[in-house]
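Coordinates as given in query04.tsv (TSV, N, CA and C atoms):
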```
chain	number	residue	atom	x	y	z
A	1	MET	N	140.26	131.28	47.91
A	1	MET	CA	140.18	130.01	47.20
A	1	MET	C	139.96	130.28	45.72
A	2	SER	N	140.45	129.42	44.89
A	2	SER	CA	140.38	129.61	43.46
A	2	SER	C	138.97	129.45	42.91
A	3	ASP	N	138.07	128.80	43.64
A	3	ASP	CA	136.71	128.60	43.14
A	3	ASP	C	135.77	129.75	43.52
A	4	GLY	N	136.30	130.83	44.07
A	4	GLY	CA	135.48	131.97	44.44
A	4	GLY	C	134.68	131.78	45.71
A	5	ALA	N	135.02	130.78	46.50
A	5	ALA	CA	134.26	130.47	47.72
A	5	ALA	C	134.87	131.15	48.94
A	6	LEU	N	134.00	131.43	49.88
A	6	LEU	CA	134.38	131.93	51.19
A	6	LEU	C	133.96	130.85	52.18
A	7	THR	N	134.93	130.20	52.83
A	7	THR	CA	134.63	129.10	53.74
A	7	THR	C	134.33	129.64	55.14
A	8	ILE	N	133.22	129.17	55.69
A	8	ILE	CA	132.79	129.60	57.02
A	8	ILE	C	132.51	128.39	57.90
A	9	GLN	N	132.51	128.62	59.20
A	9	GLN	CA	132.11	127.58	60.14
A	9	GLN	C	131.58	128.22	61.40
A	10	GLY	N	130.73	127.47	62.10
A	10	GLY	CA	130.17	127.97	63.35
A	10	GLY	C	129.10	127.04	63.86
A	11	TYR	N	128.25	127.56	64.73
A	11	TYR	CA	127.18	126.77	65.32
A	11	TYR	C	125.82	127.32	64.90
A	12	ALA	N	125.02	126.47	64.26
A	12	ALA	CA	123.69	126.84	63.82
A	12	ALA	C	122.66	126.69	64.93
A	13	SER	N	122.98	125.88	65.92
A	13	SER	CA	122.09	125.65	67.06
A	13	SER	C	122.95	125.23	68.24
A	14	LEU	N	122.57	125.67	69.43
A	14	LEU	CA	123.31	125.35	70.65
A	14	LEU	C	122.37	124.65	71.62
A	15	TRP	N	122.81	123.53	72.14
A	15	TRP	CA	121.97	122.72	73.02
A	15	TRP	C	121.55	123.50	74.26
A	16	GLY	N	120.29	123.35	74.62
A	16	GLY	CA	119.80	123.85	75.89
A	16	GLY	C	119.66	125.35	76.01
A	17	GLN	N	119.86	126.10	74.94
A	17	GLN	CA	119.76	127.55	75.01
A	17	GLN	C	118.51	128.01	74.27
A	18	ALA	N	117.63	128.68	74.98
A	18	ALA	CA	116.39	129.15	74.38
A	18	ALA	C	116.66	130.27	73.39
A	19	ASP	N	115.99	130.19	72.23
A	19	ASP	CA	116.09	131.29	71.27
A	19	ASP	C	115.00	132.31	71.58
A	20	LEU	N	114.94	133.37	70.80
A	20	LEU	CA	113.97	134.44	71.06
A	20	LEU	C	112.52	134.02	70.88
A	21	ASN	N	112.29	132.88	70.21
A	21	ASN	CA	110.94	132.33	70.07
A	21	ASN	C	110.58	131.36	71.19
A	22	GLY	N	111.53	131.05	72.05
A	22	GLY	CA	111.28	130.10	73.12
A	22	GLY	C	111.55	128.65	72.72
A	23	ASP	N	112.24	128.44	71.59
A	23	ASP	CA	112.63	127.09	71.17
A	23	ASP	C	113.98	126.73	71.76
A	24	VAL	N	114.09	125.49	72.20
A	24	VAL	CA	115.34	124.95	72.75
A	24	VAL	C	115.60	123.63	72.03
A	25	THR	N	116.82	123.45	71.48
A	25	THR	CA	117.13	122.16	70.86
A	25	THR	C	117.84	121.27	71.87
A	26	ALA	N	117.44	120.01	71.87
A	26	ALA	CA	118.04	119.01	72.73
A	26	ALA	C	119.09	118.25	71.94
A	27	PRO	N	120.15	117.75	72.61
A	27	PRO	CA	121.14	116.94	71.90
A	27	PRO	C	120.47	115.79	71.16
A	28	GLY	N	120.89	115.57	69.93
A	28	GLY	CA	120.33	114.51	69.11
A	28	GLY	C	119.15	114.94	68.25
A	29	ALA	N	118.71	116.18	68.38
A	29	ALA	CA	117.53	116.64	67.65
A	29	ALA	C	117.69	116.55	66.14
A	30	PHE	N	118.91	116.68	65.63
A	30	PHE	CA	119.15	116.70	64.19
A	30	PHE	C	119.65	115.36	63.65
A	31	ARG	N	119.95	114.44	64.53
A	31	ARG	CA	120.62	113.19	64.17
A	31	ARG	C	119.93	112.44	63.01
A	32	ASP	N	118.66	112.13	63.16
A	32	ASP	CA	117.96	111.35	62.13
A	32	ASP	C	117.88	112.10	60.80
A	33	SER	N	117.62	113.40	60.87
A	33	SER	CA	117.54	114.20	59.65
A	33	SER	C	118.87	114.20	58.90
A	34	LEU	N	119.96	114.38	59.64
A	34	LEU	CA	121.28	114.41	59.00
A	34	LEU	C	121.70	113.03	58.50
A	35	MET	N	121.24	111.99	59.16
A	35	MET	CA	121.54	110.63	58.67
A	35	MET	C	120.86	110.40	57.33
A	36	ARG	N	119.67	110.97	57.16
A	36	ARG	CA	118.93	110.82	55.90
A	36	ARG	C	119.53	111.66	54.77
A	37	THR	N	119.87	112.91	55.05
A	37	THR	CA	120.26	113.83	53.98
A	37	THR	C	121.73	114.19	53.93
A	38	GLY	N	122.40	114.08	55.08
A	38	GLY	CA	123.76	114.59	55.16
A	38	GLY	C	123.76	116.11	55.02
A	39	ALA	N	124.93	116.71	55.16
A	39	ALA	CA	125.04	118.16	55.04
A	39	ALA	C	124.61	118.63	53.65
A	40	ALA	N	124.90	117.83	52.64
A	40	ALA	CA	124.58	118.22	51.25
A	40	ALA	C	123.09	118.37	51.02
A	41	GLY	N	122.26	117.74	51.85
A	41	GLY	CA	120.81	117.83	51.70
A	41	GLY	C	120.19	119.02	52.41
A	42	VAL	N	121.02	119.81	53.08
A	42	VAL	CA	120.55	120.99	53.80
A	42	VAL	C	121.00	122.22	53.02
A	43	LYS	N	120.07	123.10	52.69
A	43	LYS	CA	120.38	124.26	51.85
A	43	LYS	C	121.02	125.38	52.65
A	44	MET	N	121.93	126.12	52.00
A	44	MET	CA	122.49	127.35	52.57
A	44	MET	C	121.79	128.52	51.89
A	45	LEU	N	121.02	129.26	52.68
A	45	LEU	CA	120.28	130.40	52.17
A	45	LEU	C	120.75	131.69	52.85
A	46	HIS	N	120.36	132.81	52.29
A	46	HIS	CA	120.60	134.11	52.90
A	46	HIS	C	119.26	134.64	53.37
A	47	GLN	N	119.12	134.87	54.69
A	47	GLN	CA	117.91	135.41	55.29
A	47	GLN	C	116.68	134.53	55.02
A	48	HIS	N	116.86	133.22	54.92
A	48	HIS	CA	115.77	132.25	54.69
A	48	HIS	C	115.09	132.43	53.33
A	49	GLU	N	115.75	133.07	52.40
A	49	GLU	CA	115.18	133.30	51.07
A	49	GLU	C	115.47	132.09	50.19
A	50	GLY	N	114.44	131.35	49.85
A	50	GLY	CA	114.59	130.09	49.13
A	50	GLY	C	114.81	130.20	47.64
A	51	ARG	N	114.66	131.38	47.06
A	51	ARG	CA	114.75	131.49	45.60
A	51	ARG	C	116.18	131.38	45.08
A	52	ALA	N	117.18	131.61	45.93
A	52	ALA	CA	118.56	131.61	45.44
A	52	ALA	C	119.53	131.17	46.53
A	53	PRO	N	119.83	129.88	46.64
A	53	PRO	CA	120.85	129.44	47.60
A	53	PRO	C	122.17	130.19	47.34
A	54	VAL	N	122.88	130.49	48.43
A	54	VAL	CA	124.12	131.27	48.31
A	54	VAL	C	125.37	130.43	48.51
A	55	GLY	N	125.21	129.16	48.79
A	55	GLY	CA	126.38	128.33	49.01
A	55	GLY	C	126.01	126.89	49.28
A	56	LEU	N	126.97	126.17	49.82
A	56	LEU	CA	126.83	124.74	50.09
A	56	LEU	C	127.35	124.43	51.48
A	57	TRP	N	126.63	123.59	52.18
A	57	TRP	CA	127.12	123.08	53.46
A	57	TRP	C	127.92	121.81	53.19
A	58	ASP	N	129.13	121.77	53.70
A	58	ASP	CA	130.01	120.62	53.51
A	58	ASP	C	130.03	119.68	54.71
A	59	GLU	N	129.74	120.21	55.88
A	59	GLU	CA	129.84	119.41	57.10
A	59	GLU	C	128.82	119.91	58.11
A	60	MET	N	128.13	118.96	58.74
A	60	MET	CA	127.22	119.25	59.85
A	60	MET	C	127.37	118.13	60.85
A	61	ILE	N	127.73	118.51	62.06
A	61	ILE	CA	128.00	117.51	63.10
A	61	ILE	C	127.36	117.96	64.41
A	62	GLU	N	126.66	117.04	65.05
A	62	GLU	CA	126.21	117.28	66.41
A	62	GLU	C	127.37	116.96	67.33
A	63	ASP	N	127.85	117.95	68.07
A	63	ASP	CA	128.91	117.69	69.05
A	63	ASP	C	128.38	118.02	70.44
A	64	ASP	N	129.27	118.14	71.41
A	64	ASP	CA	128.81	118.37	72.78
A	64	ASP	C	128.27	119.78	73.01
A	65	ARG	N	128.47	120.68	72.06
A	65	ARG	CA	128.00	122.06	72.19
A	65	ARG	C	126.69	122.33	71.43
A	66	GLY	N	126.57	121.70	70.25
A	66	GLY	CA	125.39	121.94	69.42
A	66	GLY	C	125.58	121.43	68.02
A	67	LEU	N	124.93	122.07	67.06
A	67	LEU	CA	125.05	121.69	65.66
A	67	LEU	C	126.13	122.54	64.99
A	68	PHE	N	127.29	121.92	64.79
A	68	PHE	CA	128.43	122.58	64.14
A	68	PHE	C	128.26	122.46	62.63
A	69	VAL	N	128.48	123.57	61.92
A	69	VAL	CA	128.36	123.58	60.47
A	69	VAL	C	129.61	124.20	59.84
A	70	ARG	N	129.94	123.69	58.68
A	70	ARG	CA	131.05	124.23	57.89
A	70	ARG	C	130.61	124.21	56.44
A	71	GLY	N	130.82	125.33	55.74
A	71	GLY	CA	130.37	125.39	54.35
A	71	GLY	C	131.05	126.51	53.59
A	72	ARG	N	130.61	126.65	52.32
A	72	ARG	CA	131.22	127.63	51.41
A	72	ARG	C	130.15	128.55	50.84
A	73	ILE	N	130.34	129.86	51.05
A	73	ILE	CA	129.49	130.84	50.38
A	73	ILE	C	130.11	131.02	48.99
A	74	MET	N	129.32	130.79	47.95
A	74	MET	CA	129.83	130.80	46.57
A	74	MET	C	129.57	132.14	45.89
A	75	ASP	N	130.34	132.40	44.84
A	75	ASP	CA	130.17	133.64	44.07
A	75	ASP	C	129.41	133.41	42.77
A	76	TRP	N	128.60	132.36	42.71
A	76	TRP	CA	127.92	131.95	41.48
A	76	TRP	C	126.70	132.79	41.13
A	77	SER	N	126.28	133.67	42.03
A	77	SER	CA	125.08	134.47	41.78
A	77	SER	C	125.26	135.83	42.43
A	78	PRO	N	124.45	136.82	42.02
A	78	PRO	CA	124.50	138.12	42.70
A	78	PRO	C	124.23	138.00	44.20
A	79	GLU	N	123.32	137.11	44.59
A	79	GLU	CA	123.00	136.92	46.00
A	79	GLU	C	124.20	136.36	46.78
A	80	GLY	N	124.91	135.41	46.15
A	80	GLY	CA	126.10	134.84	46.78
A	80	GLY	C	127.20	135.88	46.95
A	81	ARG	N	127.42	136.67	45.92
A	81	ARG	CA	128.45	137.72	45.99
A	81	ARG	C	128.07	138.77	47.04
A	82	PHE	N	126.77	139.09	47.12
A	82	PHE	CA	126.29	140.04	48.12
A	82	PHE	C	126.53	139.49	49.54
A	83	ALA	N	126.19	138.22	49.76
A	83	ALA	CA	126.42	137.59	51.07
A	83	ALA	C	127.91	137.61	51.40
A	84	GLN	N	128.76	137.28	50.44
A	84	GLN	CA	130.21	137.32	50.68
A	84	GLN	C	130.65	138.73	51.09
A	85	ALA	N	130.17	139.75	50.38
A	85	ALA	CA	130.54	141.13	50.69
A	85	ALA	C	130.10	141.51	52.10
A	86	LEU	N	128.89	141.11	52.49
A	86	LEU	CA	128.40	141.41	53.84
A	86	LEU	C	129.26	140.73	54.90
A	87	VAL	N	129.64	139.50	54.65
A	87	VAL	CA	130.47	138.76	55.61
A	87	VAL	C	131.84	139.44	55.73
A	88	ARG	N	132.45	139.75	54.60
A	88	ARG	CA	133.78	140.40	54.62
A	88	ARG	C	133.74	141.75	55.34
A	89	ALA	N	132.62	142.46	55.23
A	89	ALA	CA	132.48	143.77	55.88
A	89	ALA	C	132.16	143.65	57.37
A	90	GLY	N	131.85	142.43	57.83
A	90	GLY	CA	131.49	142.23	59.22
A	90	GLY	C	130.03	142.50	59.53
A	91	ALA	N	129.20	142.60	58.51
A	91	ALA	CA	127.78	142.91	58.70
A	91	ALA	C	126.90	141.67	58.78
A	92	LEU	N	127.46	140.50	58.54
A	92	LEU	CA	126.67	139.26	58.50
A	92	LEU	C	127.48	138.16	59.17
A	93	ASP	N	126.98	137.65	60.31
A	93	ASP	CA	127.69	136.58	61.01
A	93	ASP	C	126.77	135.65	61.78
A	94	GLY	N	125.44	135.76	61.57
A	94	GLY	CA	124.49	134.94	62.29
A	94	GLY	C	124.03	133.73	61.49
A	95	LEU	N	123.57	132.71	62.19
A	95	LEU	CA	123.01	131.51	61.57
A	95	LEU	C	121.62	131.26	62.14
A	96	SER	N	120.76	130.72	61.30
A	96	SER	CA	119.38	130.42	61.70
A	96	SER	C	118.93	129.17	60.98
A	97	ILE	N	118.23	128.30	61.69
A	97	ILE	CA	117.80	127.05	61.10
A	97	ILE	C	116.35	127.13	60.61
A	98	GLY	N	116.11	126.50	59.47
A	98	GLY	CA	114.77	126.31	58.94
A	98	GLY	C	114.44	124.83	59.05
A	99	PHE	N	113.35	124.48	59.70
A	99	PHE	CA	113.08	123.08	60.02
A	99	PHE	C	111.59	122.85	60.20
A	100	ARG	N	111.26	121.56	60.31
A	100	ARG	CA	109.91	121.13	60.70
A	100	ARG	C	110.08	120.31	61.98
A	101	SER	N	109.32	120.65	62.98
A	101	SER	CA	109.38	119.94	64.25
A	101	SER	C	108.72	118.57	64.11
A	102	LEU	N	109.45	117.53	64.50
A	102	LEU	CA	108.91	116.17	64.49
A	102	LEU	C	108.58	115.67	65.89
A	103	LYS	N	109.36	116.10	66.86
A	103	LYS	CA	109.14	115.67	68.24
A	103	LYS	C	109.54	116.82	69.16
A	104	ALA	N	108.58	117.23	70.00
A	104	ALA	CA	108.83	118.34	70.92
A	104	ALA	C	107.96	118.18	72.15
A	105	ARG	N	108.35	118.86	73.21
A	105	ARG	CA	107.55	118.88	74.43
A	105	ARG	C	107.58	120.29	75.00
A	106	ARG	N	106.59	120.61	75.77
A	106	ARG	CA	106.53	121.91	76.43
A	106	ARG	C	107.22	121.84	77.79
A	107	ASP	N	107.95	122.90	78.10
A	107	ASP	CA	108.57	123.06	79.41
A	107	ASP	C	108.31	124.52	79.81
A	108	GLY	N	107.13	124.76	80.40
A	108	GLY	CA	106.73	126.13	80.69
A	108	GLY	C	106.48	126.88	79.38
A	109	ARG	N	107.11	128.01	79.20
A	109	ARG	CA	106.95	128.78	77.97
A	109	ARG	C	107.83	128.26	76.84
A	110	LEU	N	108.72	127.33	77.14
A	110	LEU	CA	109.68	126.83	76.16
A	110	LEU	C	109.14	125.62	75.41
A	111	ARG	N	109.57	125.49	74.16
A	111	ARG	CA	109.31	124.29	73.37
A	111	ARG	C	110.66	123.60	73.20
A	112	VAL	N	110.79	122.42	73.76
A	112	VAL	CA	112.04	121.66	73.69
A	112	VAL	C	111.95	120.71	72.50
A	113	LEU	N	112.80	120.94	71.52
A	113	LEU	CA	112.81	120.16	70.28
A	113	LEU	C	113.78	118.99	70.42
A	114	SER	N	113.26	117.77	70.29
A	114	SER	CA	114.12	116.59	70.38
A	114	SER	C	114.21	115.85	69.06
A	115	GLY	N	113.42	116.26	68.08
A	115	GLY	CA	113.50	115.67	66.74
A	115	GLY	C	113.02	116.68	65.72
A	116	VAL	N	113.90	117.03	64.78
A	116	VAL	CA	113.52	117.98	63.74
A	116	VAL	C	113.99	117.49	62.37
A	117	GLU	N	113.25	117.90	61.37
A	117	GLU	CA	113.67	117.69	59.98
A	117	GLU	C	114.31	118.99	59.53
A	118	LEU	N	115.62	118.98	59.35
A	118	LEU	CA	116.37	120.19	59.03
A	118	LEU	C	116.33	120.43	57.52
A	119	TRP	N	115.77	121.58	57.13
A	119	TRP	CA	115.65	121.93	55.72
A	119	TRP	C	116.79	122.82	55.26
A	120	GLU	N	117.11	123.83	56.08
A	120	GLU	CA	118.11	124.80	55.66
A	120	GLU	C	118.75	125.47	56.86
A	121	VAL	N	119.96	125.96	56.65
A	121	VAL	CA	120.63	126.82	57.61
A	121	VAL	C	120.96	128.10	56.87
A	122	SER	N	120.40	129.20	57.35
A	122	SER	CA	120.56	130.49	56.69
A	122	SER	C	121.62	131.35	57.35
A	123	LEU	N	122.25	132.17	56.52
A	123	LEU	CA	123.11	133.24	56.99
A	123	LEU	C	122.18	134.42	57.27
A	124	VAL	N	122.19	134.93	58.49
A	124	VAL	CA	121.26	135.98	58.86
A	124	VAL	C	121.96	137.10	59.63
A	125	VAL	N	121.35	138.27	59.58
A	125	VAL	CA	121.86	139.42	60.32
A	125	VAL	C	121.49	139.28	61.79
A	126	PHE	N	120.23	138.89	62.06
A	126	PHE	CA	119.73	138.79	63.43
A	126	PHE	C	119.26	137.37	63.71
A	127	PRO	N	120.13	136.51	64.28
A	127	PRO	CA	119.71	135.14	64.58
A	127	PRO	C	118.76	135.09	65.78
A	128	MET	N	117.78	134.20	65.70
A	128	MET	CA	116.87	134.01	66.84
A	128	MET	C	117.61	133.42	68.04
A	129	ALA	N	118.58	132.56	67.76
A	129	ALA	CA	119.46	132.05	68.81
A	129	ALA	C	120.69	132.96	68.80
A	130	LEU	N	120.78	133.82	69.79
A	130	LEU	CA	121.76	134.90	69.76
A	130	LEU	C	123.21	134.45	69.62
A	131	LYS	N	123.52	133.24	70.08
A	131	LYS	CA	124.90	132.75	69.99
A	131	LYS	C	125.12	131.86	68.77
A	132	ALA	N	124.16	131.75	67.88
A	132	ALA	CA	124.30	130.96	66.65
A	132	ALA	C	125.05	131.84	65.64
A	133	ARG	N	126.35	131.69	65.60
A	133	ARG	CA	127.22	132.57	64.81
A	133	ARG	C	128.23	131.76	64.02
A	134	PHE	N	128.77	132.41	62.99
A	134	PHE	CA	129.84	131.79	62.20
A	134	PHE	C	130.99	132.76	62.03
A	135	ARG	N	132.09	132.21	61.57
A	135	ARG	CA	133.27	133.03	61.25
A	135	ARG	C	133.89	132.52	59.95
A	136	VAL	N	134.67	133.36	59.32
A	136	VAL	CA	135.35	132.99	58.09
A	136	VAL	C	136.56	132.13	58.45
A	137	VAL	N	136.71	131.02	57.73
A	137	VAL	CA	137.84	130.12	57.94
A	137	VAL	C	138.91	130.38	56.88
A	138	SER	N	138.47	130.55	55.61
A	138	SER	CA	139.43	130.82	54.54
A	138	SER	C	138.73	131.46	53.35
A	139	GLU	N	139.54	132.15	52.57
A	139	GLU	CA	139.04	132.76	51.34
A	139	GLU	C	139.74	132.15	50.15
```

Take the structure in the file and write it out as structure tokens.
Amino acid sequence: MSDGALTIQGYASLWGQADLNGDVTAPGAFRDSLMRTGAAGVKMLHQHEGRAPVGLWDEMIEDDRGLFVRGRIMDWSPEGRFAQALVRAGALDGLSIGFRSLKARRDGRLRVLSGVELWEVSLVVFPMALKARFRVVSE
């Protein structure tokens, strides 16, 4: 792309699948948060590092599988260019959500999240939800 962006898409969260912390998101968990902020109100970070966002989320949709995200990793900073290089090399393909739990219940060792305030979706090497992954759509 002429703006130096690398477009990616994938799933930041998958319904009903426990992550390594024992958190499970239920369908609709992000609905109210996304209605308030939209995708533009959710930050794209690298490894949950808040000092330098690496891109922009353009789309976030709850579908029948989970939280689908589409966004652009930008080349506007050294951190953004580094994230792009890692993605191109195949070393970075995980997604992880940063949030505050608003409504949850216990189900044995699991915490089932039915309402969350979504702050950020990070590009990560090791996602807590093992199937929370993205792929490059266009350069």

Assuming 5 Å of padding per side, give the centre and edge lengths of the axis-aligned box around every listed atom of segment 115-121 of chain A, in Å to one decimal and as lines of an AutoDock Vina configuration file.
```
center_x = 117.0
center_y = 121.9
center_z = 61.7
size_x = 17.9
size_y = 22.4
size_z = 22.8
```

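Atom C of Trp57 of chain A sits 10.4 Å away from atom C of Ile73 of chain A.
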
Which of segment 37-111 of chain A fall in alpha helix (DSSP H), as a VMD selection string: chain A and resid 37 78 to 89

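For the pair atom CA of Arg72 of chain A and atom CA of Asp58 of chain A, the interatomic distance is 7.4 Å.
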
Expected answer as a VMD selection string: all residues with atoms within 7 Å of (109.4, 112.7, 70.6), only C-alpha atoms: chain A and resid 103 to 104 114 to 115

Counting all atoms listed in the file, the residue of A:Leu92, A:Met74, A:Leu86, A:Leu20 that sits nearest Met128 of chain A: A:Leu20

Nearest-residue call for Gly4 of chain A, choices A:Arg88, A:His48, A:Arg81, A:Arg100, using only C-alpha atoms: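 The closest residue to Gly4 of chain A is A:Arg81.
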
Which of A:Ala83, A:Leu102, A:Arg70, A:Ser33 sits closest to Ile8 of chain A [using all atoms listed in the file]: A:Arg70

Distance in Å - atom N of Ala129 of chain A versus atom CA of Gly16 of chain A: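 Going from atom N of Ala129 of chain A over to atom CA of Gly16 of chain A, I get 12.0 Å.
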
Per-residue DSSP, chain A, filtered to strand (DSSP E or B), as a PyMOL selection string: chain A and resi 6-15+23-25+43-46+49+55-62+66-73+94-107+110-124+133-138

Nearest to Ser101 of chain A, chosen from A:Leu130, A:Ala85, A:Val54, A:Val24, with only C-alpha atoms counted in the distances: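 Counting only C-alpha atoms, the residue closest to Ser101 of chain A is A:Val24.
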